[in-house]
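For reference, data-v4.cif is printed below; it contains mmCIF, C-alpha atoms.
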data_data
#
loop_
_atom_site.group_PDB
_atom_site.id
_atom_site.type_symbol
_atom_site.label_atom_id
_atom_site.label_comp_id
_atom_site.auth_asym_id
_atom_site.auth_seq_id
_atom_site.Cartn_x
_atom_site.Cartn_y
_atom_site.Cartn_z
ATOM 1 C CA MET A 9 13.633 -144.289 -58.728
ATOM 2 C CA SER A 10 17.299 -144.777 -58.000
ATOM 3 C CA ALA A 11 18.877 -148.187 -58.402
ATOM 4 C CA ASN A 12 20.017 -148.389 -54.776
ATOM 5 C CA VAL A 13 16.469 -149.064 -53.507
ATOM 6 C CA SER A 14 14.866 -150.689 -56.514
ATOM 7 C CA LYS A 15 15.151 -154.353 -55.613
ATOM 8 C CA LYS A 16 11.720 -154.830 -57.163
ATOM 9 C CA ASP A 17 10.328 -153.125 -60.261
ATOM 10 C CA ALA A 18 8.344 -150.008 -59.399
ATOM 11 C CA ALA A 19 4.661 -150.857 -58.932
ATOM 12 C CA LYS A 20 2.190 -149.064 -61.210
ATOM 13 C CA THR A 21 -1.495 -149.323 -61.975
ATOM 14 C CA ARG A 22 -2.354 -151.263 -65.133
ATOM 15 C CA THR A 23 -4.724 -148.490 -66.254
ATOM 16 C CA GLY A 24 -2.929 -145.157 -66.448
ATOM 17 C CA GLY A 25 0.432 -146.429 -65.246
ATOM 18 C CA PHE A 26 0.221 -144.430 -62.012
ATOM 19 C CA PRO A 27 2.987 -145.088 -59.451
ATOM 20 C CA ILE A 28 1.786 -146.947 -56.344
ATOM 21 C CA GLY A 29 2.978 -146.007 -52.876
ATOM 22 C CA PHE A 30 1.623 -145.754 -49.351
ATOM 23 C CA ARG A 31 0.947 -143.306 -46.558
ATOM 24 C CA ARG A 32 3.241 -143.277 -43.543
ATOM 25 C CA MET A 33 0.962 -144.005 -40.586
ATOM 26 C CA GLY A 34 1.370 -143.982 -36.829
ATOM 27 C CA PHE A 35 2.396 -147.645 -36.736
ATOM 28 C CA GLU A 36 5.479 -148.325 -34.643
ATOM 29 C CA TRP A 37 7.430 -149.755 -37.582
ATOM 30 C CA HIS A 38 6.722 -146.596 -39.614
ATOM 31 C CA LYS A 39 8.662 -144.429 -37.145
ATOM 32 C CA ASP A 40 12.091 -145.559 -38.377
ATOM 33 C CA LEU A 41 12.017 -143.670 -41.667
ATOM 34 C CA LYS A 42 15.216 -145.081 -43.151
ATOM 35 C CA ALA A 43 14.135 -148.662 -42.479
ATOM 36 C CA LEU A 44 10.676 -147.884 -43.837
ATOM 37 C CA LEU A 45 12.111 -146.440 -47.047
ATOM 38 C CA ALA A 46 14.350 -149.474 -47.490
ATOM 39 C CA TRP A 47 11.341 -151.783 -47.116
ATOM 40 C CA ALA A 48 9.345 -149.671 -49.580
ATOM 41 C CA GLY A 49 12.090 -149.932 -52.190
ATOM 42 C CA GLU A 50 12.293 -153.693 -51.739
ATOM 43 C CA GLN A 51 8.544 -153.930 -52.388
ATOM 44 C CA GLY A 52 8.518 -151.699 -55.464
ATOM 45 C CA LEU A 53 6.667 -148.937 -53.630
ATOM 46 C CA GLY A 54 8.241 -145.825 -55.103
ATOM 47 C CA VAL A 55 6.028 -143.228 -53.415
ATOM 48 C CA ILE A 56 5.515 -142.337 -49.749
ATOM 49 C CA ASP A 57 3.183 -139.845 -48.089
ATOM 50 C CA LEU A 58 5.052 -138.212 -45.227
ATOM 51 C CA GLY A 59 3.879 -136.489 -42.043
ATOM 52 C CA ARG A 60 4.498 -133.079 -40.543
ATOM 53 C CA ASP A 61 8.252 -133.686 -40.253
ATOM 54 C CA ALA A 62 8.597 -133.490 -44.033
ATOM 55 C CA ASP A 63 10.940 -130.501 -43.947
ATOM 56 C CA GLN A 64 13.507 -133.091 -42.794
ATOM 57 C CA ALA A 65 11.983 -136.367 -44.020
ATOM 58 C CA ALA A 66 11.378 -135.318 -47.627
ATOM 59 C CA ALA A 67 15.089 -134.877 -48.267
ATOM 60 C CA ILE A 68 15.803 -138.333 -46.798
ATOM 61 C CA ALA A 69 13.108 -139.905 -48.984
ATOM 62 C CA VAL A 70 14.306 -138.205 -52.159
ATOM 63 C CA LYS A 71 17.908 -139.198 -51.467
ATOM 64 C CA SER A 72 16.831 -142.835 -51.071
ATOM 65 C CA GLY A 73 14.960 -142.756 -54.373
ATOM 66 C CA ILE A 74 11.431 -142.717 -52.942
ATOM 67 C CA ARG A 75 9.199 -139.899 -54.198
ATOM 68 C CA PRO A 76 7.083 -137.959 -51.657
ATOM 69 C CA GLY A 77 3.480 -138.262 -52.810
ATOM 70 C CA SER A 78 2.276 -135.756 -50.233
ATOM 71 C CA VAL A 79 3.454 -134.126 -47.014
ATOM 72 C CA ASP A 80 1.159 -133.000 -44.218
ATOM 73 C CA LEU A 81 0.664 -129.255 -43.939
ATOM 74 C CA LEU A 82 2.101 -128.145 -40.609
ATOM 75 C CA LYS A 83 -0.922 -126.298 -39.155
ATOM 76 C CA TRP A 84 -4.517 -127.337 -39.924
ATOM 77 C CA GLN A 85 -7.150 -126.197 -37.420
ATOM 78 C CA GLU A 86 -5.300 -122.987 -36.610
ATOM 79 C CA MET A 87 -5.880 -121.898 -40.221
ATOM 80 C CA ILE A 88 -9.618 -121.962 -39.478
ATOM 81 C CA SER A 89 -9.577 -120.227 -36.098
ATOM 82 C CA PRO A 90 -11.889 -117.372 -35.079
ATOM 83 C CA ASP A 91 -8.823 -115.688 -33.583
ATOM 84 C CA LYS A 92 -7.193 -113.485 -36.221
ATOM 85 C CA ALA A 93 -3.802 -113.659 -34.490
ATOM 86 C CA VAL A 94 -3.911 -117.461 -34.472
ATOM 87 C CA ARG A 95 -4.772 -117.500 -38.185
ATOM 88 C CA LYS A 96 -1.961 -115.061 -38.961
ATOM 89 C CA ASP A 97 0.572 -117.179 -37.075
ATOM 90 C CA ALA A 98 -0.651 -120.348 -38.838
ATOM 91 C CA VAL A 99 -0.265 -118.736 -42.259
ATOM 92 C CA GLU A 100 3.268 -117.601 -41.393
ATOM 93 C CA ARG A 101 4.326 -120.974 -40.007
ATOM 94 C CA ASN A 102 2.792 -122.889 -42.899
ATOM 95 C CA SER A 103 4.477 -120.513 -45.349
ATOM 96 C CA ALA A 104 7.884 -121.179 -43.806
ATOM 97 C CA TYR A 105 7.197 -124.931 -43.841
ATOM 98 C CA ILE A 106 6.159 -124.892 -47.524
ATOM 99 C CA LYS A 107 9.390 -123.069 -48.394
ATOM 100 C CA ALA A 108 11.486 -125.556 -46.386
ATOM 101 C CA CYS A 109 9.808 -128.575 -48.002
ATOM 102 C CA ALA A 110 10.239 -127.059 -51.478
ATOM 103 C CA ALA A 111 14.005 -127.548 -51.144
ATOM 104 C CA SER A 112 13.299 -131.225 -51.960
ATOM 105 C CA GLY A 113 11.085 -130.384 -54.947
ATOM 106 C CA PRO A 114 7.429 -129.415 -55.596
ATOM 107 C CA MET A 115 5.173 -130.849 -52.873
ATOM 108 C CA ASN A 116 1.527 -131.717 -52.337
ATOM 109 C CA HIS A 117 0.543 -130.465 -48.882
ATOM 110 C CA PHE A 118 -2.134 -132.709 -47.382
ATOM 111 C CA LEU A 119 -4.760 -131.653 -44.854
ATOM 112 C CA VAL A 120 -8.385 -131.965 -43.786
ATOM 113 C CA MET A 121 -10.310 -128.700 -43.478
ATOM 114 C CA LEU A 122 -11.072 -129.026 -39.775
ATOM 115 C CA PRO A 123 -11.991 -125.807 -37.927
ATOM 116 C CA GLU A 124 -10.537 -125.009 -34.533
ATOM 117 C CA LYS A 125 -14.047 -124.511 -33.162
ATOM 118 C CA PRO A 126 -16.475 -126.801 -35.014
ATOM 119 C CA GLU A 127 -19.337 -125.597 -32.817
ATOM 120 C CA LEU A 128 -19.366 -122.249 -34.651
ATOM 121 C CA LYS A 129 -21.631 -121.696 -37.646
ATOM 122 C CA ARG A 130 -20.254 -123.441 -40.695
ATOM 123 C CA SER A 131 -20.580 -120.269 -42.738
ATOM 124 C CA GLU A 132 -18.453 -118.399 -40.182
ATOM 125 C CA ASN A 133 -15.707 -121.028 -40.237
ATOM 126 C CA PHE A 134 -15.890 -121.077 -44.030
ATOM 127 C CA GLY A 135 -15.022 -117.383 -44.069
ATOM 128 C CA TYR A 136 -11.957 -117.925 -41.879
ATOM 129 C CA MET A 137 -10.834 -120.767 -44.154
ATOM 130 C CA VAL A 138 -11.153 -118.683 -47.317
ATOM 131 C CA GLU A 139 -9.218 -115.804 -45.762
ATOM 132 C CA SER A 140 -6.321 -117.962 -44.527
ATOM 133 C CA PHE A 141 -5.871 -120.082 -47.612
ATOM 134 C CA GLY A 142 -6.221 -117.056 -49.853
ATOM 135 C CA GLN A 143 -3.207 -115.612 -48.036
ATOM 136 C CA LEU A 144 -1.304 -118.884 -48.393
ATOM 137 C CA ALA A 145 -1.960 -119.237 -52.140
ATOM 138 C CA PRO A 146 0.889 -116.942 -53.365
ATOM 139 C CA VAL A 147 3.425 -118.894 -51.293
ATOM 140 C CA LEU A 148 2.207 -122.193 -52.723
ATOM 141 C CA GLU A 149 2.243 -120.843 -56.277
ATOM 142 C CA GLY A 150 5.727 -119.417 -55.833
ATOM 143 C CA HIS A 151 7.099 -122.848 -54.863
ATOM 144 C CA GLN A 152 5.057 -124.990 -57.302
ATOM 145 C CA ALA A 153 3.301 -126.530 -54.311
ATOM 146 C CA LYS A 154 -0.306 -127.695 -54.000
ATOM 147 C CA ILE A 155 -2.829 -128.005 -51.215
ATOM 148 C CA VAL A 156 -4.539 -131.415 -51.420
ATOM 149 C CA ILE A 157 -7.677 -131.559 -49.302
ATOM 150 C CA GLU A 158 -8.937 -134.920 -48.093
ATOM 151 C CA GLY A 159 -12.684 -135.153 -47.580
ATOM 152 C CA TRP A 160 -12.693 -136.946 -44.234
ATOM 153 C CA PRO A 161 -15.987 -135.871 -42.612
ATOM 154 C CA GLY A 162 -14.506 -135.087 -39.215
ATOM 155 C CA PRO A 163 -15.914 -132.602 -36.686
ATOM 156 C CA GLY A 164 -17.096 -129.528 -38.613
ATOM 157 C CA ALA A 165 -15.029 -130.416 -41.710
ATOM 158 C CA LEU A 166 -15.712 -127.900 -44.452
ATOM 159 C CA CYS A 167 -14.536 -129.677 -47.635
ATOM 160 C CA CYS A 168 -16.047 -133.170 -47.747
ATOM 161 C CA THR A 169 -18.930 -132.859 -50.184
ATOM 162 C CA PRO A 170 -19.303 -131.428 -53.692
ATOM 163 C CA GLU A 171 -20.977 -128.388 -52.082
ATOM 164 C CA GLY A 172 -18.012 -127.717 -49.798
ATOM 165 C CA TYR A 173 -15.276 -128.302 -52.352
ATOM 166 C CA GLY A 174 -17.124 -126.333 -55.024
ATOM 167 C CA ALA A 175 -17.722 -123.337 -52.770
ATOM 168 C CA PHE A 176 -14.089 -123.297 -51.630
ATOM 169 C CA PHE A 177 -12.667 -123.432 -55.160
ATOM 170 C CA LYS A 178 -15.035 -120.648 -56.213
ATOM 171 C CA GLU A 179 -13.766 -118.392 -53.417
ATOM 172 C CA CYS A 180 -10.137 -119.576 -53.688
ATOM 173 C CA PRO A 181 -9.677 -120.085 -57.428
ATOM 174 C CA SER A 182 -5.893 -120.486 -57.270
ATOM 175 C CA THR A 183 -4.823 -123.672 -59.043
ATOM 176 C CA ALA A 184 -2.631 -124.355 -56.000
ATOM 177 C CA MET A 185 -5.819 -125.460 -54.214
ATOM 178 C CA GLY A 186 -6.669 -129.068 -54.963
ATOM 179 C CA VAL A 187 -8.112 -132.409 -53.943
ATOM 180 C CA ASN A 188 -6.621 -135.462 -52.272
ATOM 181 C CA TYR A 189 -9.102 -137.867 -53.884
ATOM 182 C CA ASP A 190 -10.090 -140.618 -51.444
ATOM 183 C CA PRO A 191 -13.216 -142.457 -52.652
ATOM 184 C CA SER A 192 -13.644 -144.286 -49.339
ATOM 185 C CA HIS A 193 -14.968 -141.170 -47.600
ATOM 186 C CA LEU A 194 -17.380 -140.355 -50.410
ATOM 187 C CA LEU A 195 -18.815 -143.882 -50.439
ATOM 188 C CA ARG A 196 -19.564 -143.958 -46.739
ATOM 189 C CA MET A 197 -21.295 -140.558 -47.017
ATOM 190 C CA GLY A 198 -23.477 -141.826 -49.860
ATOM 191 C CA ILE A 199 -21.792 -139.606 -52.484
ATOM 192 C CA ASP A 200 -21.062 -141.139 -55.894
ATOM 193 C CA PRO A 201 -17.241 -141.198 -56.049
ATOM 194 C CA LEU A 202 -17.167 -141.427 -59.853
ATOM 195 C CA ARG A 203 -19.461 -138.443 -60.356
ATOM 196 C CA PHE A 204 -17.388 -136.492 -57.837
ATOM 197 C CA LEU A 205 -14.194 -137.373 -59.685
ATOM 198 C CA ARG A 206 -15.617 -136.307 -63.042
ATOM 199 C CA GLU A 207 -16.655 -132.953 -61.542
ATOM 200 C CA PHE A 208 -13.369 -132.203 -59.764
ATOM 201 C CA VAL A 209 -10.775 -134.193 -61.731
ATOM 202 C CA SER A 210 -8.940 -131.036 -62.835
ATOM 203 C CA ARG A 211 -8.284 -130.302 -59.141
ATOM 204 C CA VAL A 212 -7.072 -133.786 -58.207
ATOM 205 C CA HIS A 213 -3.335 -133.778 -57.496
ATOM 206 C CA HIS A 214 -3.091 -136.866 -55.289
ATOM 207 C CA VAL A 215 -5.064 -140.094 -54.754
ATOM 208 C CA HIS A 216 -5.425 -142.325 -51.719
ATOM 209 C CA GLY A 217 -5.782 -146.045 -52.323
ATOM 210 C CA LYS A 218 -8.419 -146.844 -49.747
ATOM 211 C CA ASP A 219 -11.776 -148.577 -50.116
ATOM 212 C CA THR A 220 -15.027 -148.851 -48.162
ATOM 213 C CA GLU A 221 -17.046 -151.983 -47.564
ATOM 214 C CA LEU A 222 -20.759 -151.206 -47.273
ATOM 215 C CA ILE A 223 -22.407 -153.638 -44.853
ATOM 216 C CA GLU A 224 -26.024 -154.179 -45.874
ATOM 217 C CA GLU A 225 -27.047 -156.122 -42.787
ATOM 218 C CA GLY A 226 -25.563 -153.437 -40.545
ATOM 219 C CA LEU A 227 -27.486 -150.734 -42.394
ATOM 220 C CA TYR A 228 -30.739 -152.673 -42.001
ATOM 221 C CA ARG A 229 -30.148 -153.570 -38.350
ATOM 222 C CA TYR A 230 -28.850 -150.214 -37.092
ATOM 223 C CA GLY A 231 -29.622 -147.618 -39.758
ATOM 224 C CA ASN A 232 -27.293 -144.702 -40.430
ATOM 225 C CA PHE A 233 -28.560 -142.110 -37.956
ATOM 226 C CA GLN A 234 -28.517 -143.386 -34.384
ATOM 227 C CA GLU A 235 -25.753 -145.103 -32.468
ATOM 228 C CA ALA A 236 -26.291 -148.800 -31.764
ATOM 229 C CA THR A 237 -27.512 -149.650 -28.291
ATOM 230 C CA PHE A 238 -25.887 -153.076 -28.032
ATOM 231 C CA GLY A 239 -24.105 -153.756 -31.313
ATOM 232 C CA LYS A 240 -20.332 -153.470 -31.650
ATOM 233 C CA GLY A 241 -19.037 -151.418 -34.565
ATOM 234 C CA HIS A 242 -16.118 -152.058 -36.876
ATOM 235 C CA GLY A 243 -12.581 -150.841 -36.395
ATOM 236 C CA TRP A 244 -11.925 -147.991 -38.836
ATOM 237 C CA GLY A 245 -15.673 -147.801 -39.437
ATOM 238 C CA ALA A 246 -19.160 -147.920 -37.960
ATOM 239 C CA MET A 247 -22.071 -150.366 -37.892
ATOM 240 C CA HIS A 248 -22.857 -150.276 -41.612
ATOM 241 C CA TRP A 249 -19.488 -149.470 -43.215
ATOM 242 C CA ARG A 250 -15.778 -149.934 -42.693
ATOM 243 C CA TYR A 251 -12.633 -148.776 -44.448
ATOM 244 C CA ALA A 252 -10.837 -151.521 -46.340
ATOM 245 C CA ILE A 253 -7.876 -152.073 -48.612
ATOM 246 C CA PRO A 254 -8.562 -151.580 -52.337
ATOM 247 C CA GLY A 255 -10.367 -154.601 -53.726
ATOM 248 C CA HIS A 256 -12.115 -155.413 -50.434
ATOM 249 C CA GLY A 257 -14.780 -152.736 -50.838
ATOM 250 C CA ALA A 258 -17.166 -151.196 -53.360
ATOM 251 C CA VAL A 259 -14.875 -148.757 -55.216
ATOM 252 C CA ARG A 260 -14.593 -149.190 -58.999
ATOM 253 C CA TRP A 261 -10.849 -148.639 -59.299
ATOM 254 C CA VAL A 262 -10.438 -149.356 -63.010
ATOM 255 C CA GLU A 263 -13.016 -146.695 -63.858
ATOM 256 C CA ILE A 264 -11.327 -144.233 -61.487
ATOM 257 C CA PHE A 265 -7.971 -144.778 -63.174
ATOM 258 C CA ARG A 266 -9.545 -144.440 -66.606
ATOM 259 C CA ILE A 267 -11.063 -141.059 -65.692
ATOM 260 C CA LEU A 268 -7.750 -139.896 -64.225
ATOM 261 C CA ALA A 269 -5.776 -141.062 -67.271
ATOM 262 C CA GLU A 270 -8.118 -139.324 -69.704
ATOM 263 C CA ALA A 271 -7.754 -136.118 -67.692
ATOM 264 C CA GLY A 272 -3.939 -136.314 -67.827
ATOM 265 C CA TYR A 273 -3.407 -136.980 -64.130
ATOM 266 C CA GLN A 274 0.329 -137.095 -63.357
ATOM 267 C CA GLY A 275 0.251 -138.095 -59.696
ATOM 268 C CA ALA A 276 0.462 -141.295 -57.692
ATOM 269 C CA VAL A 277 -1.859 -143.631 -55.786
ATOM 270 C CA SER A 278 -0.884 -143.977 -52.120
ATOM 271 C CA ILE A 279 -2.315 -146.837 -50.072
ATOM 272 C CA GLU A 280 -3.720 -145.573 -46.779
ATOM 273 C CA LEU A 281 -4.021 -148.625 -44.545
ATOM 274 C CA GLU A 282 -7.047 -148.345 -42.260
ATOM 275 C CA ASP A 283 -8.441 -151.876 -42.355
ATOM 276 C CA GLU A 284 -9.393 -153.845 -39.265
ATOM 277 C CA ASN A 285 -8.522 -157.092 -41.052
ATOM 278 C CA PHE A 286 -4.850 -156.089 -41.333
ATOM 279 C CA CYS A 287 -4.063 -153.414 -38.741
ATOM 280 C CA GLY A 288 -2.683 -154.333 -35.342
ATOM 281 C CA THR A 289 0.594 -156.129 -36.019
ATOM 282 C CA PRO A 290 3.573 -155.233 -38.240
ATOM 283 C CA GLY A 291 3.111 -158.469 -40.173
ATOM 284 C CA GLY A 292 -0.556 -157.809 -40.819
ATOM 285 C CA GLU A 293 0.055 -154.186 -41.759
ATOM 286 C CA LYS A 294 2.780 -155.104 -44.229
ATOM 287 C CA ALA A 295 0.532 -157.780 -45.708
ATOM 288 C CA GLY A 296 -2.307 -155.266 -46.083
ATOM 289 C CA ILE A 297 -0.126 -152.817 -47.979
ATOM 290 C CA LEU A 298 1.215 -155.549 -50.259
ATOM 291 C CA HIS A 299 -2.221 -157.049 -50.972
ATOM 292 C CA ALA A 300 -3.430 -153.527 -51.841
ATOM 293 C CA ARG A 301 -0.383 -153.001 -54.065
ATOM 294 C CA ASP A 302 -1.026 -156.228 -55.958
ATOM 295 C CA PHE A 303 -4.701 -155.407 -56.488
ATOM 296 C CA LEU A 304 -3.994 -151.860 -57.708
ATOM 297 C CA GLN A 305 -1.394 -153.211 -60.132
ATOM 298 C CA SER A 306 -4.112 -155.376 -61.668
ATOM 299 C CA CYS A 307 -6.524 -152.477 -62.194
#

Just give me the structure of the file as structure tokens.
Amino acid sequence: MSANVSKKDAAKTRTGGFPIGFRRMGFEWHKDLKALLAWAGEQGLGVIDLGRDADQAAAIAVKSGIRPGSVDLLKWQEMISPDKAVRKDAVERNSAYIKACAASGPMNHFLVMLPEKPELKRSENFGYMVESFGQLAPVLEGHQAKIVIEGWPGPGALCCTPEGYGAFFKECPSTAMGVNYDPSHLLRMGIDPLRFLREFVSRVHHVHGKDTELIEEGLYRYGNFQEATFGKGHGWGAMHWRYAIPGHGAVRWVEIFRILAEAGYQGAVSIELEDENFCGTPGGEKAGILHARDFLQSC
């Protein structure tokens, strides 16, 4: 990281020495990129996950000394469209975007595998996904870029579980296809995040620092199948779980970092702030990121 932003030593995890950063969210104070990068440097946060404007923003970040941890792929759902023309256009536009972003160095391209029409059979949407990303693979490989898939279980999402990820990597074996490892999603689905990591660690190119608190009383009172009739759920969550900053949930971060270190992981850990206890004001959001940073440094 360049000296002009490094007012604080770069934050790293105790286990593995992985750089700590954060994801640029939709918060109002995140919209001024130059001010955001200056704040990040002052806090020792040397990595930032950018949005879909990364063809412009990545160069600004690199110039300021902040490393892009990931950039959002330009087109998501269009890549998994039943319309062949829509898929073709998405591949072409994503290809051009990957090339533009590569001018600032090799990039991880973040997305969730959400189909355009989740009401279609999952197997049908899976076929569209394999076709589109198979066509995108040579472009990624040619620019040392990676796809990093987050397992958010949104409407019809195709890569959230070990079944989905495993099937996709079997059909799209290119090493450009990878995982954005976020244990918070696995925990709330009831999937062991450590077992998942051991199975897919060779595909992990980026990590999100986000946790999940499992709420036992909520699970007993409301279950995990029906919506509550009268109860009020949690922000960034449901009745029996909520997303939280690292250290405020059930994730075993030291073990995660040990597995990553043993596998030779070379990436970063980016805090993704989706915690009802901190979100809502700039002061609270900054505090949430910094509390998460301090905890991850101790792990």

Once the PyMOL selection byres ((chain A and resi 248) around 10) has been evaluated on this model, what residues remain selected, and can you format them as a PyMOL selection string? chain A and resi 196+221-232+241-242+245-247+249-250

At a cut-off of 10 Å, using only C-alpha atoms, what residues contact Leu298 (chain A)? Leave out same-chain residues fewer than 6 positions from it and give the result as number ranges by chain. A: 30, 51-53, 253, 279, 292, 304

Take the residues from that selection and write them out as an mmCIF file, in the coordinates of the input, keeping C-alpha atoms.
data_model
loop_
_atom_site.group_PDB
_atom_site.id
_atom_site.type_symbol
_atom_site.label_atom_id
_atom_site.label_comp_id
_atom_site.auth_asym_id
_atom_site.auth_seq_id
_atom_site.Cartn_x
_atom_site.Cartn_y
_atom_site.Cartn_z
ATOM 1 C CA PHE A 30 1.623 -145.754 -49.351
ATOM 2 C CA GLN A 51 8.544 -153.930 -52.388
ATOM 3 C CA GLY A 52 8.518 -151.699 -55.464
ATOM 4 C CA LEU A 53 6.667 -148.937 -53.630
ATOM 5 C CA ILE A 253 -7.876 -152.073 -48.612
ATOM 6 C CA ILE A 279 -2.315 -146.837 -50.072
ATOM 7 C CA GLY A 292 -0.556 -157.809 -40.819
ATOM 8 C CA LEU A 304 -3.994 -151.860 -57.708
#

Run the PyMOL selection byres ((chain A and resi 145) around 12) mentally over the shown coordinates, then write out the matched residues as a PyMOL selection string, using the chain letters and numbers from the document. chain A and resi 99+102-103+106+117+138-144+146-155+177+179-186

So what does the PyMOL selection byres ((chain A and resi 59) around 9) actually pick up in this one, as a short mmCIF file (atom, residue, chain, number, x, y, z; two decimals) with C-alpha atoms, in the coordinates of the input?
data_model
loop_
_atom_site.label_atom_id
_atom_site.label_comp_id
_atom_site.auth_asym_id
_atom_site.auth_seq_id
_atom_site.Cartn_x
_atom_site.Cartn_y
_atom_site.Cartn_z
CA ARG A 31 0.95 -143.31 -46.56
CA ARG A 32 3.24 -143.28 -43.54
CA MET A 33 0.96 -144.00 -40.59
CA ASP A 57 3.18 -139.84 -48.09
CA LEU A 58 5.05 -138.21 -45.23
CA ARG A 60 4.50 -133.08 -40.54
CA ASP A 61 8.25 -133.69 -40.25
CA ALA A 62 8.60 -133.49 -44.03
CA ALA A 65 11.98 -136.37 -44.02
CA SER A 78 2.28 -135.76 -50.23
CA VAL A 79 3.45 -134.13 -47.01
CA ASP A 80 1.16 -133.00 -44.22
CA LEU A 81 0.66 -129.26 -43.94
CA LEU A 82 2.10 -128.15 -40.61
CA PHE A 118 -2.13 -132.71 -47.38
#

From the options A:Phe265, A:Asp17, A:Ile56, A:Lys96, which residue's atoms come nearest to His38 (chain A), counting only C-alpha atoms?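 For His38 (chain A), the nearest of the given residues is A:Ile56.
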
Can you tell me which residues surround Val187 (chain A) at a distance of at most 10 Å, considering all atoms listed in the file, apart from same-chain residues fewer than 6 positions away, and format the answer as a list in words?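 What passes the distance filter is Asn116, Phe118, Leu119, Lys154, Ile155, Val156, Ile157, Glu158, Gly159, Cys167, Tyr173, Leu205, Phe208, Val209, Ser210, Arg211, Val212, His213, His214 and Val215 of chain A.
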